[in-house]
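Text of work31.txt, listed as compact mmCIF, N, CA and C atoms and all ligand atoms:
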# COMPACT_ATOMS: atom_id res chain seq x y z
N MET A 1 -71.71 -26.24 -26.62
CA MET A 1 -71.24 -26.67 -25.31
C MET A 1 -71.14 -25.45 -24.38
N ALA A 2 -71.49 -25.67 -23.15
CA ALA A 2 -71.43 -24.58 -22.19
C ALA A 2 -69.99 -24.34 -21.73
N ASP A 3 -69.63 -23.09 -21.48
CA ASP A 3 -68.29 -22.87 -20.94
C ASP A 3 -68.34 -22.21 -19.56
N SER A 4 -69.55 -22.01 -19.07
CA SER A 4 -69.72 -21.56 -17.70
C SER A 4 -71.08 -22.07 -17.24
N PHE A 5 -71.09 -22.85 -16.20
CA PHE A 5 -72.36 -23.41 -15.77
C PHE A 5 -72.32 -23.72 -14.27
N GLU A 6 -73.53 -23.91 -13.73
CA GLU A 6 -73.64 -24.16 -12.30
C GLU A 6 -74.51 -25.38 -12.04
N GLY A 7 -74.39 -25.87 -10.84
CA GLY A 7 -75.23 -27.00 -10.45
C GLY A 7 -75.26 -27.12 -8.96
N GLY A 8 -75.96 -28.13 -8.48
CA GLY A 8 -76.05 -28.33 -7.04
C GLY A 8 -76.91 -29.54 -6.71
N CYS A 9 -77.17 -29.69 -5.43
CA CYS A 9 -77.92 -30.86 -4.97
C CYS A 9 -79.41 -30.55 -4.90
N ALA A 10 -80.19 -31.56 -4.58
CA ALA A 10 -81.65 -31.43 -4.59
C ALA A 10 -82.16 -30.47 -3.52
N CYS A 11 -81.50 -30.42 -2.35
CA CYS A 11 -82.01 -29.56 -1.27
C CYS A 11 -81.46 -28.14 -1.38
N GLY A 12 -80.42 -27.94 -2.20
CA GLY A 12 -79.89 -26.59 -2.41
C GLY A 12 -78.77 -26.19 -1.46
N ASP A 13 -78.40 -27.07 -0.51
CA ASP A 13 -77.32 -26.73 0.43
C ASP A 13 -75.98 -26.59 -0.28
N PHE A 14 -75.77 -27.46 -1.30
CA PHE A 14 -74.48 -27.46 -1.99
C PHE A 14 -74.63 -26.90 -3.39
N ARG A 15 -73.76 -25.93 -3.73
CA ARG A 15 -73.78 -25.33 -5.07
C ARG A 15 -72.36 -25.25 -5.62
N TYR A 16 -72.22 -25.47 -6.90
CA TYR A 16 -70.91 -25.33 -7.52
C TYR A 16 -71.03 -24.58 -8.85
N GLN A 17 -69.87 -24.14 -9.32
CA GLN A 17 -69.81 -23.41 -10.58
C GLN A 17 -68.59 -23.91 -11.36
N VAL A 18 -68.73 -24.00 -12.67
CA VAL A 18 -67.60 -24.38 -13.52
C VAL A 18 -67.36 -23.27 -14.54
N ASN A 19 -66.12 -22.84 -14.64
CA ASN A 19 -65.74 -21.86 -15.66
C ASN A 19 -64.73 -22.50 -16.60
N GLY A 20 -65.22 -23.00 -17.69
CA GLY A 20 -64.37 -23.70 -18.65
C GLY A 20 -65.17 -24.79 -19.32
N GLU A 21 -64.73 -25.17 -20.51
CA GLU A 21 -65.46 -26.20 -21.25
C GLU A 21 -65.15 -27.59 -20.69
N PRO A 22 -66.16 -28.46 -20.67
CA PRO A 22 -65.93 -29.83 -20.20
C PRO A 22 -64.88 -30.54 -21.06
N ALA A 23 -64.09 -31.39 -20.41
CA ALA A 23 -63.07 -32.15 -21.11
C ALA A 23 -63.64 -33.44 -21.69
N LEU A 24 -64.65 -33.97 -21.06
CA LEU A 24 -65.26 -35.21 -21.55
C LEU A 24 -66.68 -35.35 -21.03
N MET A 25 -67.48 -36.11 -21.79
CA MET A 25 -68.84 -36.44 -21.36
C MET A 25 -69.06 -37.90 -21.69
N GLY A 26 -69.58 -38.64 -20.74
CA GLY A 26 -69.78 -40.06 -21.02
C GLY A 26 -70.75 -40.71 -20.04
N ASN A 27 -71.12 -41.94 -20.38
CA ASN A 27 -71.96 -42.74 -19.50
C ASN A 27 -71.12 -43.89 -18.96
N CYS A 28 -71.15 -44.08 -17.65
CA CYS A 28 -70.37 -45.16 -17.05
C CYS A 28 -71.31 -46.22 -16.49
N HIS A 29 -71.13 -47.45 -16.99
CA HIS A 29 -71.99 -48.57 -16.58
C HIS A 29 -71.28 -49.51 -15.61
N CYS A 30 -70.21 -49.04 -14.95
CA CYS A 30 -69.49 -49.95 -14.05
C CYS A 30 -70.36 -50.26 -12.83
N THR A 31 -70.03 -51.35 -12.17
CA THR A 31 -70.88 -51.79 -11.06
C THR A 31 -70.83 -50.80 -9.89
N ASP A 32 -69.70 -50.11 -9.71
CA ASP A 32 -69.60 -49.08 -8.68
C ASP A 32 -70.59 -47.95 -8.95
N CYS A 33 -70.63 -47.51 -10.21
CA CYS A 33 -71.54 -46.43 -10.57
C CYS A 33 -72.99 -46.87 -10.42
N LYS A 34 -73.27 -48.12 -10.74
CA LYS A 34 -74.63 -48.63 -10.57
C LYS A 34 -75.04 -48.56 -9.10
N GLN A 35 -74.16 -49.07 -8.22
CA GLN A 35 -74.47 -49.09 -6.79
C GLN A 35 -74.58 -47.69 -6.23
N ALA A 36 -73.58 -46.85 -6.55
CA ALA A 36 -73.52 -45.52 -5.96
C ALA A 36 -74.69 -44.65 -6.43
N SER A 37 -75.14 -44.89 -7.68
CA SER A 37 -76.22 -44.06 -8.21
C SER A 37 -77.58 -44.71 -7.98
N GLY A 38 -77.58 -46.02 -7.69
CA GLY A 38 -78.84 -46.74 -7.56
C GLY A 38 -79.54 -46.83 -8.89
N SER A 39 -78.76 -46.81 -9.97
CA SER A 39 -79.35 -46.80 -11.29
C SER A 39 -78.46 -47.55 -12.28
N GLU A 40 -78.81 -47.49 -13.55
CA GLU A 40 -78.05 -48.22 -14.57
C GLU A 40 -76.65 -47.65 -14.77
N MET A 41 -76.53 -46.33 -14.64
CA MET A 41 -75.24 -45.73 -15.01
C MET A 41 -75.10 -44.36 -14.39
N SER A 42 -73.87 -43.87 -14.47
CA SER A 42 -73.61 -42.47 -14.16
C SER A 42 -73.43 -41.73 -15.48
N VAL A 43 -74.12 -40.62 -15.63
CA VAL A 43 -73.88 -39.73 -16.77
C VAL A 43 -72.95 -38.66 -16.23
N VAL A 44 -71.73 -38.62 -16.77
CA VAL A 44 -70.72 -37.75 -16.17
C VAL A 44 -70.16 -36.71 -17.15
N VAL A 45 -69.79 -35.58 -16.56
CA VAL A 45 -69.15 -34.49 -17.29
C VAL A 45 -67.83 -34.22 -16.58
N GLY A 46 -66.72 -34.47 -17.26
CA GLY A 46 -65.41 -34.25 -16.66
C GLY A 46 -64.92 -32.84 -16.94
N VAL A 47 -64.49 -32.14 -15.89
CA VAL A 47 -63.97 -30.77 -16.07
C VAL A 47 -62.62 -30.66 -15.36
N ALA A 48 -61.81 -29.71 -15.80
CA ALA A 48 -60.52 -29.46 -15.14
C ALA A 48 -60.78 -29.01 -13.71
N ALA A 49 -60.02 -29.57 -12.78
CA ALA A 49 -60.23 -29.26 -11.36
C ALA A 49 -60.13 -27.76 -11.09
N ASP A 50 -59.24 -27.07 -11.82
CA ASP A 50 -59.08 -25.64 -11.53
C ASP A 50 -60.21 -24.79 -12.14
N SER A 51 -61.12 -25.43 -12.88
CA SER A 51 -62.28 -24.68 -13.39
C SER A 51 -63.51 -24.88 -12.49
N PHE A 52 -63.34 -25.74 -11.48
CA PHE A 52 -64.46 -26.11 -10.60
C PHE A 52 -64.38 -25.33 -9.30
N LYS A 53 -65.46 -24.64 -8.97
CA LYS A 53 -65.46 -23.82 -7.76
C LYS A 53 -66.69 -24.15 -6.92
N ILE A 54 -66.47 -24.40 -5.64
CA ILE A 54 -67.60 -24.63 -4.74
C ILE A 54 -68.13 -23.28 -4.30
N LEU A 55 -69.41 -23.04 -4.53
CA LEU A 55 -70.03 -21.76 -4.18
C LEU A 55 -70.53 -21.78 -2.75
N GLN A 56 -71.11 -22.90 -2.35
CA GLN A 56 -71.58 -23.02 -0.97
C GLN A 56 -71.77 -24.47 -0.59
N GLY A 57 -71.66 -24.73 0.70
CA GLY A 57 -71.92 -26.05 1.23
C GLY A 57 -70.68 -26.92 1.27
N GLU A 58 -70.88 -28.11 1.82
CA GLU A 58 -69.80 -29.08 1.95
C GLU A 58 -70.36 -30.43 1.58
N THR A 59 -69.52 -31.26 0.97
CA THR A 59 -69.98 -32.59 0.62
C THR A 59 -69.57 -33.58 1.68
N LYS A 60 -70.23 -34.70 1.70
CA LYS A 60 -69.74 -35.85 2.44
C LYS A 60 -69.02 -36.70 1.40
N LYS A 61 -67.89 -37.26 1.80
CA LYS A 61 -67.07 -38.03 0.85
C LYS A 61 -67.07 -39.51 1.21
N TRP A 62 -67.10 -40.31 0.19
CA TRP A 62 -66.93 -41.75 0.38
C TRP A 62 -65.87 -42.24 -0.59
N THR A 63 -64.84 -42.85 -0.06
CA THR A 63 -63.73 -43.29 -0.90
C THR A 63 -63.69 -44.80 -1.01
N CYS A 64 -63.59 -45.28 -2.22
CA CYS A 64 -63.41 -46.71 -2.45
C CYS A 64 -62.28 -46.89 -3.45
N LYS A 65 -61.95 -48.13 -3.75
CA LYS A 65 -60.89 -48.40 -4.71
C LYS A 65 -61.51 -48.67 -6.08
N GLY A 66 -61.00 -47.99 -7.10
CA GLY A 66 -61.45 -48.26 -8.46
C GLY A 66 -60.79 -49.51 -8.99
N ASP A 67 -61.09 -49.86 -10.23
CA ASP A 67 -60.49 -51.00 -10.92
C ASP A 67 -58.98 -50.99 -10.86
N SER A 68 -58.43 -49.77 -10.91
CA SER A 68 -56.99 -49.58 -10.96
C SER A 68 -56.35 -49.87 -9.62
N GLY A 69 -57.17 -49.98 -8.57
CA GLY A 69 -56.64 -50.13 -7.22
C GLY A 69 -56.39 -48.79 -6.55
N GLU A 70 -56.64 -47.71 -7.31
CA GLU A 70 -56.43 -46.37 -6.77
C GLU A 70 -57.75 -45.82 -6.21
N ASP A 71 -57.61 -44.77 -5.39
CA ASP A 71 -58.78 -44.20 -4.72
C ASP A 71 -59.75 -43.51 -5.68
N VAL A 72 -61.03 -43.75 -5.43
CA VAL A 72 -62.10 -43.04 -6.10
C VAL A 72 -62.96 -42.45 -4.99
N THR A 73 -63.11 -41.12 -4.98
CA THR A 73 -63.86 -40.47 -3.90
C THR A 73 -65.14 -39.87 -4.47
N ARG A 74 -66.26 -40.35 -3.96
CA ARG A 74 -67.56 -39.87 -4.42
C ARG A 74 -68.07 -38.83 -3.42
N ASN A 75 -68.50 -37.70 -3.95
CA ASN A 75 -68.98 -36.60 -3.11
C ASN A 75 -70.49 -36.48 -3.23
N PHE A 76 -71.15 -36.42 -2.08
CA PHE A 76 -72.59 -36.26 -2.10
C PHE A 76 -73.04 -35.33 -0.98
N CYS A 77 -74.26 -34.81 -1.11
CA CYS A 77 -74.78 -33.89 -0.09
C CYS A 77 -75.17 -34.66 1.16
N PRO A 78 -74.63 -34.26 2.33
CA PRO A 78 -74.93 -34.98 3.56
C PRO A 78 -76.38 -34.81 3.99
N ASN A 79 -77.04 -33.80 3.47
CA ASN A 79 -78.43 -33.56 3.86
C ASN A 79 -79.43 -34.33 2.99
N CYS A 80 -79.32 -34.18 1.67
CA CYS A 80 -80.32 -34.81 0.79
C CYS A 80 -79.79 -36.03 0.05
N GLY A 81 -78.49 -36.29 0.13
CA GLY A 81 -77.94 -37.51 -0.47
C GLY A 81 -77.67 -37.43 -1.95
N SER A 82 -77.91 -36.28 -2.58
CA SER A 82 -77.67 -36.17 -4.02
C SER A 82 -76.20 -36.42 -4.34
N ARG A 83 -75.96 -37.25 -5.33
CA ARG A 83 -74.60 -37.44 -5.83
C ARG A 83 -74.19 -36.19 -6.58
N LEU A 84 -72.97 -35.71 -6.38
CA LEU A 84 -72.55 -34.46 -6.99
C LEU A 84 -71.35 -34.61 -7.92
N TYR A 85 -70.25 -35.11 -7.39
CA TYR A 85 -69.06 -35.27 -8.24
C TYR A 85 -68.12 -36.30 -7.65
N THR A 86 -67.17 -36.71 -8.48
CA THR A 86 -66.22 -37.74 -8.10
C THR A 86 -64.81 -37.26 -8.39
N GLU A 87 -63.89 -37.62 -7.52
CA GLU A 87 -62.47 -37.38 -7.76
C GLU A 87 -61.78 -38.75 -7.79
N ALA A 88 -60.92 -38.95 -8.77
CA ALA A 88 -60.22 -40.23 -8.89
C ALA A 88 -58.73 -39.99 -9.04
N THR A 89 -57.95 -40.79 -8.31
CA THR A 89 -56.49 -40.64 -8.37
C THR A 89 -56.00 -40.84 -9.80
N VAL A 90 -56.62 -41.76 -10.55
CA VAL A 90 -56.17 -42.01 -11.93
C VAL A 90 -56.55 -40.86 -12.87
N MET A 91 -57.47 -40.00 -12.43
CA MET A 91 -57.83 -38.84 -13.24
C MET A 91 -57.53 -37.57 -12.44
N ALA A 92 -56.34 -37.52 -11.89
CA ALA A 92 -55.93 -36.37 -11.08
C ALA A 92 -56.05 -35.09 -11.91
N GLY A 93 -56.50 -34.03 -11.28
CA GLY A 93 -56.65 -32.76 -12.00
C GLY A 93 -57.99 -32.62 -12.66
N MET A 94 -58.83 -33.64 -12.47
CA MET A 94 -60.16 -33.58 -13.08
C MET A 94 -61.25 -33.81 -12.03
N ILE A 95 -62.35 -33.11 -12.20
CA ILE A 95 -63.53 -33.32 -11.36
C ILE A 95 -64.58 -33.94 -12.27
N ILE A 96 -65.14 -35.05 -11.83
CA ILE A 96 -66.11 -35.77 -12.65
C ILE A 96 -67.51 -35.51 -12.08
N ILE A 97 -68.22 -34.62 -12.75
CA ILE A 97 -69.51 -34.16 -12.25
C ILE A 97 -70.63 -35.11 -12.69
N GLN A 98 -71.56 -35.36 -11.79
CA GLN A 98 -72.77 -36.12 -12.16
C GLN A 98 -73.67 -35.16 -12.95
N ALA A 99 -73.94 -35.52 -14.21
CA ALA A 99 -74.64 -34.58 -15.10
C ALA A 99 -76.01 -34.17 -14.56
N GLY A 100 -76.65 -35.04 -13.81
CA GLY A 100 -77.98 -34.73 -13.28
C GLY A 100 -77.98 -33.62 -12.24
N SER A 101 -76.79 -33.25 -11.75
CA SER A 101 -76.72 -32.18 -10.75
C SER A 101 -76.62 -30.80 -11.41
N LEU A 102 -76.47 -30.76 -12.73
CA LEU A 102 -76.38 -29.47 -13.43
C LEU A 102 -77.73 -28.78 -13.44
N ASP A 103 -77.72 -27.45 -13.29
CA ASP A 103 -78.98 -26.69 -13.36
C ASP A 103 -79.63 -26.89 -14.73
N ASP A 104 -78.79 -26.87 -15.77
CA ASP A 104 -79.27 -27.09 -17.13
C ASP A 104 -78.36 -28.13 -17.78
N SER A 105 -78.88 -29.31 -17.96
CA SER A 105 -78.05 -30.37 -18.54
C SER A 105 -78.45 -30.64 -20.00
N SER A 106 -79.21 -29.70 -20.59
CA SER A 106 -79.73 -29.93 -21.95
C SER A 106 -78.62 -30.02 -22.99
N TRP A 107 -77.45 -29.45 -22.71
CA TRP A 107 -76.35 -29.45 -23.67
C TRP A 107 -75.46 -30.68 -23.55
N VAL A 108 -75.71 -31.48 -22.52
CA VAL A 108 -74.85 -32.66 -22.30
C VAL A 108 -75.10 -33.71 -23.37
N LYS A 109 -74.03 -34.16 -24.00
CA LYS A 109 -74.11 -35.20 -25.03
C LYS A 109 -73.01 -36.22 -24.76
N PRO A 110 -73.35 -37.29 -24.07
CA PRO A 110 -72.32 -38.29 -23.77
C PRO A 110 -71.68 -38.81 -25.05
N GLY A 111 -70.36 -38.76 -25.10
CA GLY A 111 -69.64 -39.16 -26.31
C GLY A 111 -69.04 -40.55 -26.20
N MET A 112 -69.18 -41.18 -25.03
CA MET A 112 -68.66 -42.54 -24.88
C MET A 112 -69.42 -43.30 -23.81
N GLU A 113 -69.44 -44.61 -24.03
CA GLU A 113 -70.04 -45.52 -23.07
C GLU A 113 -68.90 -46.32 -22.45
N LEU A 114 -68.76 -46.20 -21.11
CA LEU A 114 -67.68 -46.89 -20.41
C LEU A 114 -68.20 -48.12 -19.68
N TYR A 115 -67.35 -49.10 -19.54
CA TYR A 115 -67.69 -50.35 -18.84
C TYR A 115 -68.93 -51.03 -19.44
N THR A 116 -68.91 -51.16 -20.77
CA THR A 116 -70.05 -51.84 -21.42
C THR A 116 -70.10 -53.32 -21.04
N ASP A 117 -69.01 -53.85 -20.47
CA ASP A 117 -69.01 -55.24 -19.99
C ASP A 117 -70.10 -55.46 -18.95
N SER A 118 -70.40 -54.44 -18.16
CA SER A 118 -71.44 -54.59 -17.14
C SER A 118 -72.69 -53.76 -17.47
N MET A 119 -72.81 -53.37 -18.73
CA MET A 119 -73.99 -52.62 -19.19
C MET A 119 -75.20 -53.56 -19.26
N SER A 120 -76.37 -53.06 -18.91
CA SER A 120 -77.59 -53.89 -18.99
C SER A 120 -77.99 -54.13 -20.44
N ASP A 121 -78.54 -55.35 -20.69
CA ASP A 121 -78.90 -55.74 -22.06
C ASP A 121 -79.90 -54.79 -22.71
N TRP A 122 -80.79 -54.24 -21.91
CA TRP A 122 -81.85 -53.40 -22.47
C TRP A 122 -81.35 -52.03 -22.92
N TYR A 123 -80.14 -51.66 -22.48
CA TYR A 123 -79.63 -50.33 -22.81
C TYR A 123 -79.13 -50.30 -24.25
N GLN A 124 -79.56 -49.30 -25.00
CA GLN A 124 -79.13 -49.17 -26.38
C GLN A 124 -78.15 -48.02 -26.53
N VAL A 125 -76.98 -48.35 -27.02
CA VAL A 125 -75.94 -47.34 -27.23
C VAL A 125 -76.38 -46.42 -28.37
N PRO A 126 -76.41 -45.10 -28.13
CA PRO A 126 -76.79 -44.17 -29.20
C PRO A 126 -75.83 -44.28 -30.38
N GLU A 127 -76.36 -44.04 -31.56
CA GLU A 127 -75.55 -44.18 -32.77
C GLU A 127 -74.32 -43.26 -32.74
N GLY A 128 -73.22 -43.80 -33.15
CA GLY A 128 -72.00 -42.99 -33.27
C GLY A 128 -71.24 -42.79 -31.97
N VAL A 129 -71.73 -43.38 -30.89
CA VAL A 129 -71.05 -43.22 -29.60
C VAL A 129 -70.05 -44.36 -29.39
N ALA A 130 -68.84 -44.01 -29.02
CA ALA A 130 -67.77 -45.01 -28.82
C ALA A 130 -68.04 -45.84 -27.57
N THR A 131 -67.74 -47.12 -27.64
CA THR A 131 -67.93 -47.99 -26.48
C THR A 131 -66.60 -48.57 -26.02
N PHE A 132 -66.49 -48.73 -24.72
CA PHE A 132 -65.28 -49.31 -24.13
C PHE A 132 -65.71 -50.35 -23.10
N PRO A 133 -65.14 -51.56 -23.15
CA PRO A 133 -65.51 -52.61 -22.21
C PRO A 133 -65.20 -52.23 -20.76
N GLY A 134 -64.17 -51.41 -20.56
CA GLY A 134 -63.80 -50.94 -19.23
C GLY A 134 -63.47 -49.48 -19.31
N MET A 135 -62.39 -49.08 -18.66
CA MET A 135 -61.88 -47.71 -18.80
C MET A 135 -61.14 -47.62 -20.13
N PRO A 136 -61.30 -46.53 -20.88
CA PRO A 136 -60.51 -46.40 -22.09
C PRO A 136 -59.03 -46.31 -21.72
N THR A 137 -58.21 -47.04 -22.44
CA THR A 137 -56.77 -46.95 -22.17
C THR A 137 -56.15 -46.02 -23.21
N GLU A 138 -55.38 -45.10 -22.69
CA GLU A 138 -54.84 -44.06 -23.59
C GLU A 138 -53.54 -44.49 -24.26
ZN ZN B 1 -78.59 -31.36 -0.59
ZN ZN B 2 -68.38 -46.07 -13.25
Structure re-expressed in C-alpha cells:
Amino acid sequence: MADSFEGGCACGDFRYQVNGEPALMGNCHCTDCKQASGSEMSVVVGVAADSFKILQGETKKWTCKGDSGEDVTRNFCPNCGSRLYTEATVMAGMIIIQAGSLDDSSWVKPGMELYTDSMSDWYQVPEGVATFPGMPTE
C-alpha cells in the first residue's frame, strides 16, 4: 500500500497529495455514485483529511443529501469535469478520493462493495470482498 501519493484531474489544473496510508478502499454502487460518475460505480480510496493536501487548483463543489440525510459534497475540476474527491458529513475527517484520479492506482485493491442493492447484475464481486447492501453500519 502506498503511504505517499499524488493525483489530479485530466487537464492538470488540479493536483493533490496524500501523506499517509489509506483508511479504506471500496467500490460504491449507489445510484448517486452512478449518476455522478456516469458509470457503474465509484472506486474510492478514503484517507484522513489531515493527510490530504491540495497542491494546486480549485475544485467546483456540488452538495447533495446522502442516504443519511446529511450533506455529501462532490468535488470536481471546473475546467475538465474530472471527479476528484468527496466529503461527507457522516464521514467527517475523511476525504474520499476517486481512485481513477490517482497518478498510479495500481496498488488500489477495493476491499468492499457498497450499496450492492443497486449493483448491476453483470457486475461480479471479486472473491473474498465483503459486500454491503447499503452503507456498512459500524
Ligand atoms: Zn481539470
Ligand atoms: Zn456511492
Next on the checklist: Please return as a PyMOL selection string the residues found within 9 Å of ligand ZN 2 (chain B), counting only C-alpha atoms and all ligand atoms.
Outcome noted: chain A and resi 27-34+36+41-42+66+114-115+134-135
Next on the checklist: Please compute the atom CA of A:Gln17-atom CA of A:Arg83 distance, one decimal, in Å.
Outcome noted: 15.6 Å
Write as a tab-separated table (two decimals) with N, CA and C atoms, in the coordinates of the input the residues around ligand ZN 1 (chain B), taking 7 Å as the cut-off and counting only N, CA and C atoms and all ligand atoms.
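Printed below is out_16.tsv as written:
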chain	number	residue	atom	x	y	z
A	8	GLY	N	-75.96	-28.13	-8.48
A	8	GLY	CA	-76.05	-28.33	-7.04
A	8	GLY	C	-76.91	-29.54	-6.71
A	9	CYS	N	-77.17	-29.69	-5.43
A	9	CYS	CA	-77.92	-30.86	-4.97
A	9	CYS	C	-79.41	-30.55	-4.90
A	10	ALA	N	-80.19	-31.56	-4.58
A	10	ALA	CA	-81.65	-31.43	-4.59
A	10	ALA	C	-82.16	-30.47	-3.52
A	11	CYS	N	-81.50	-30.42	-2.35
A	11	CYS	CA	-82.01	-29.56	-1.27
A	11	CYS	C	-81.46	-28.14	-1.38
A	12	GLY	N	-80.42	-27.94	-2.20
A	12	GLY	CA	-79.89	-26.59	-2.41
A	12	GLY	C	-78.77	-26.19	-1.46
A	13	ASP	N	-78.40	-27.07	-0.51
A	13	ASP	CA	-77.32	-26.73	0.43
A	13	ASP	C	-75.98	-26.59	-0.28
A	14	PHE	N	-75.77	-27.46	-1.30
A	14	PHE	CA	-74.48	-27.46	-1.99
A	14	PHE	C	-74.63	-26.90	-3.39
A	76	PHE	N	-71.15	-36.42	-2.08
A	76	PHE	CA	-72.59	-36.26	-2.10
A	76	PHE	C	-73.04	-35.33	-0.98
A	77	CYS	N	-74.26	-34.81	-1.11
A	77	CYS	CA	-74.78	-33.89	-0.09
A	77	CYS	C	-75.17	-34.66	1.16
A	78	PRO	N	-74.63	-34.26	2.33
A	78	PRO	CA	-74.93	-34.98	3.56
A	78	PRO	C	-76.38	-34.81	3.99
A	79	ASN	N	-77.04	-33.80	3.47
A	79	ASN	CA	-78.43	-33.56	3.86
A	79	ASN	C	-79.43	-34.33	2.99
A	80	CYS	N	-79.32	-34.18	1.67
A	80	CYS	CA	-80.32	-34.81	0.79
A	80	CYS	C	-79.79	-36.03	0.05
A	81	GLY	N	-78.49	-36.29	0.13
A	81	GLY	CA	-77.94	-37.51	-0.47
A	81	GLY	C	-77.67	-37.43	-1.95
A	82	SER	N	-77.91	-36.28	-2.58
A	82	SER	CA	-77.67	-36.17	-4.02
A	82	SER	C	-76.20	-36.42	-4.34
Item to check | Picked from stretch 7-102 of chain A by DSSP as strand (DSSP E), as a VMD selection string | outcome: chain A and resid 7 to 8 15 to 19 24 to 28 42 to 48 52 to 56 60 to 65 71 to 76 83 to 88 94 to 98
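Atom pair atom C of A:Thr63 / atom N of A:Ala49 has a distance of 19.6 Å (rounded to one decimal).
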Next on the checklist: If we draw a sphere of 6.5 Å around (-59.7, -43.7, -6.7), which residues have at least one atom in it when counting all atoms listed in the file? Please report them as a count of residues only.
Outcome noted: 12
Checklist entry - If you measure from atom CA of A:Phe5 to atom CA of A:Asn19, what distance in Å do you get, rounded to one decimal? => result 6.8 Å
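Ranking A:Arg15, A:Gln98, A:Val108, A:Asp103 by their shortest atom-to-atom distance to A:Ala2, with all atoms listed in the file included, puts A:Val108 first.
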Item to check | Among listed residues A:Ile97, A:Met25, A:Ile54, A:Met112, nearest A:Gly128 (using only N, CA and C atoms) | outcome: A:Met112
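Using all atoms listed in the file, the shortest contact distance between A:Leu55 and any of A:Glu6, A:Thr137, A:Tyr16, A:Pro126 is found at A:Tyr16.
All protein, DNA and RNA residues at most 6.5 Å from (-57.7, -32.8, -9.8) are Ala48, Ala49, Asp50, Met91, Ala92, Gly93, Met94 and Ile95 of chain A, using all atoms listed in the file.
The nearest approach to A:Gly111 among the residues A:Gln35, A:Thr86, A:Thr131, A:Ser68, with all atoms listed in the file taken into account, belongs to A:Thr131.
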Export stretch 15-55 of chain A, C-alpha atoms, as a tab-separated table (two decimals), in the first residue's frame; it's the structure right above.
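Below you can see selection-v1.tsv, which holds the result:
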chain	number	residue	atom	x	y	z
A	15	ARG	CA	-3.34	18.45	-8.15
A	16	TYR	CA	-3.36	16.87	-4.71
A	17	GLN	CA	-1.02	14.90	-2.50
A	18	VAL	CA	-1.68	12.43	0.31
A	19	ASN	CA	0.82	11.68	3.06
A	20	GLY	CA	-0.45	8.69	4.97
A	21	GLU	CA	-1.90	5.26	4.34
A	22	PRO	CA	-5.47	5.00	3.05
A	23	ALA	CA	-8.07	4.13	5.69
A	24	LEU	CA	-10.33	2.27	3.30
A	25	MET	CA	-10.74	1.21	-0.32
A	26	GLY	CA	-14.02	0.18	-1.84
A	27	ASN	CA	-16.44	0.23	-4.73
A	28	CYS	CA	-19.70	2.13	-4.30
A	29	HIS	CA	-22.66	1.13	-6.47
A	30	CYS	CA	-25.16	3.64	-5.05
A	31	THR	CA	-27.35	5.49	-7.51
A	32	ASP	CA	-25.70	8.82	-6.61
A	33	CYS	CA	-22.28	7.43	-7.49
A	34	LYS	CA	-23.66	6.01	-10.74
A	35	GLN	CA	-25.09	9.39	-11.76
A	36	ALA	CA	-22.16	11.48	-10.59
A	37	SER	CA	-19.60	9.21	-12.27
A	38	GLY	CA	-21.70	8.37	-15.32
A	39	SER	CA	-20.69	4.78	-14.72
A	40	GLU	CA	-21.48	1.65	-12.73
A	41	MET	CA	-19.66	2.67	-9.59
A	42	SER	CA	-17.17	4.85	-7.82
A	43	VAL	CA	-13.87	3.22	-6.91
A	44	VAL	CA	-12.87	5.13	-3.81
A	45	VAL	CA	-9.88	5.47	-1.52
A	46	GLY	CA	-10.65	7.03	1.86
A	47	VAL	CA	-7.86	8.99	3.55
A	48	ALA	CA	-7.64	11.06	6.73
A	49	ALA	CA	-8.47	14.68	5.93
A	50	ASP	CA	-5.29	15.91	7.59
A	51	SER	CA	-3.19	13.73	5.26
A	52	PHE	CA	-4.76	15.34	2.17
A	53	LYS	CA	-3.10	18.42	0.72
A	54	ILE	CA	-4.16	20.44	-2.30
A	55	LEU	CA	-1.06	21.26	-4.34
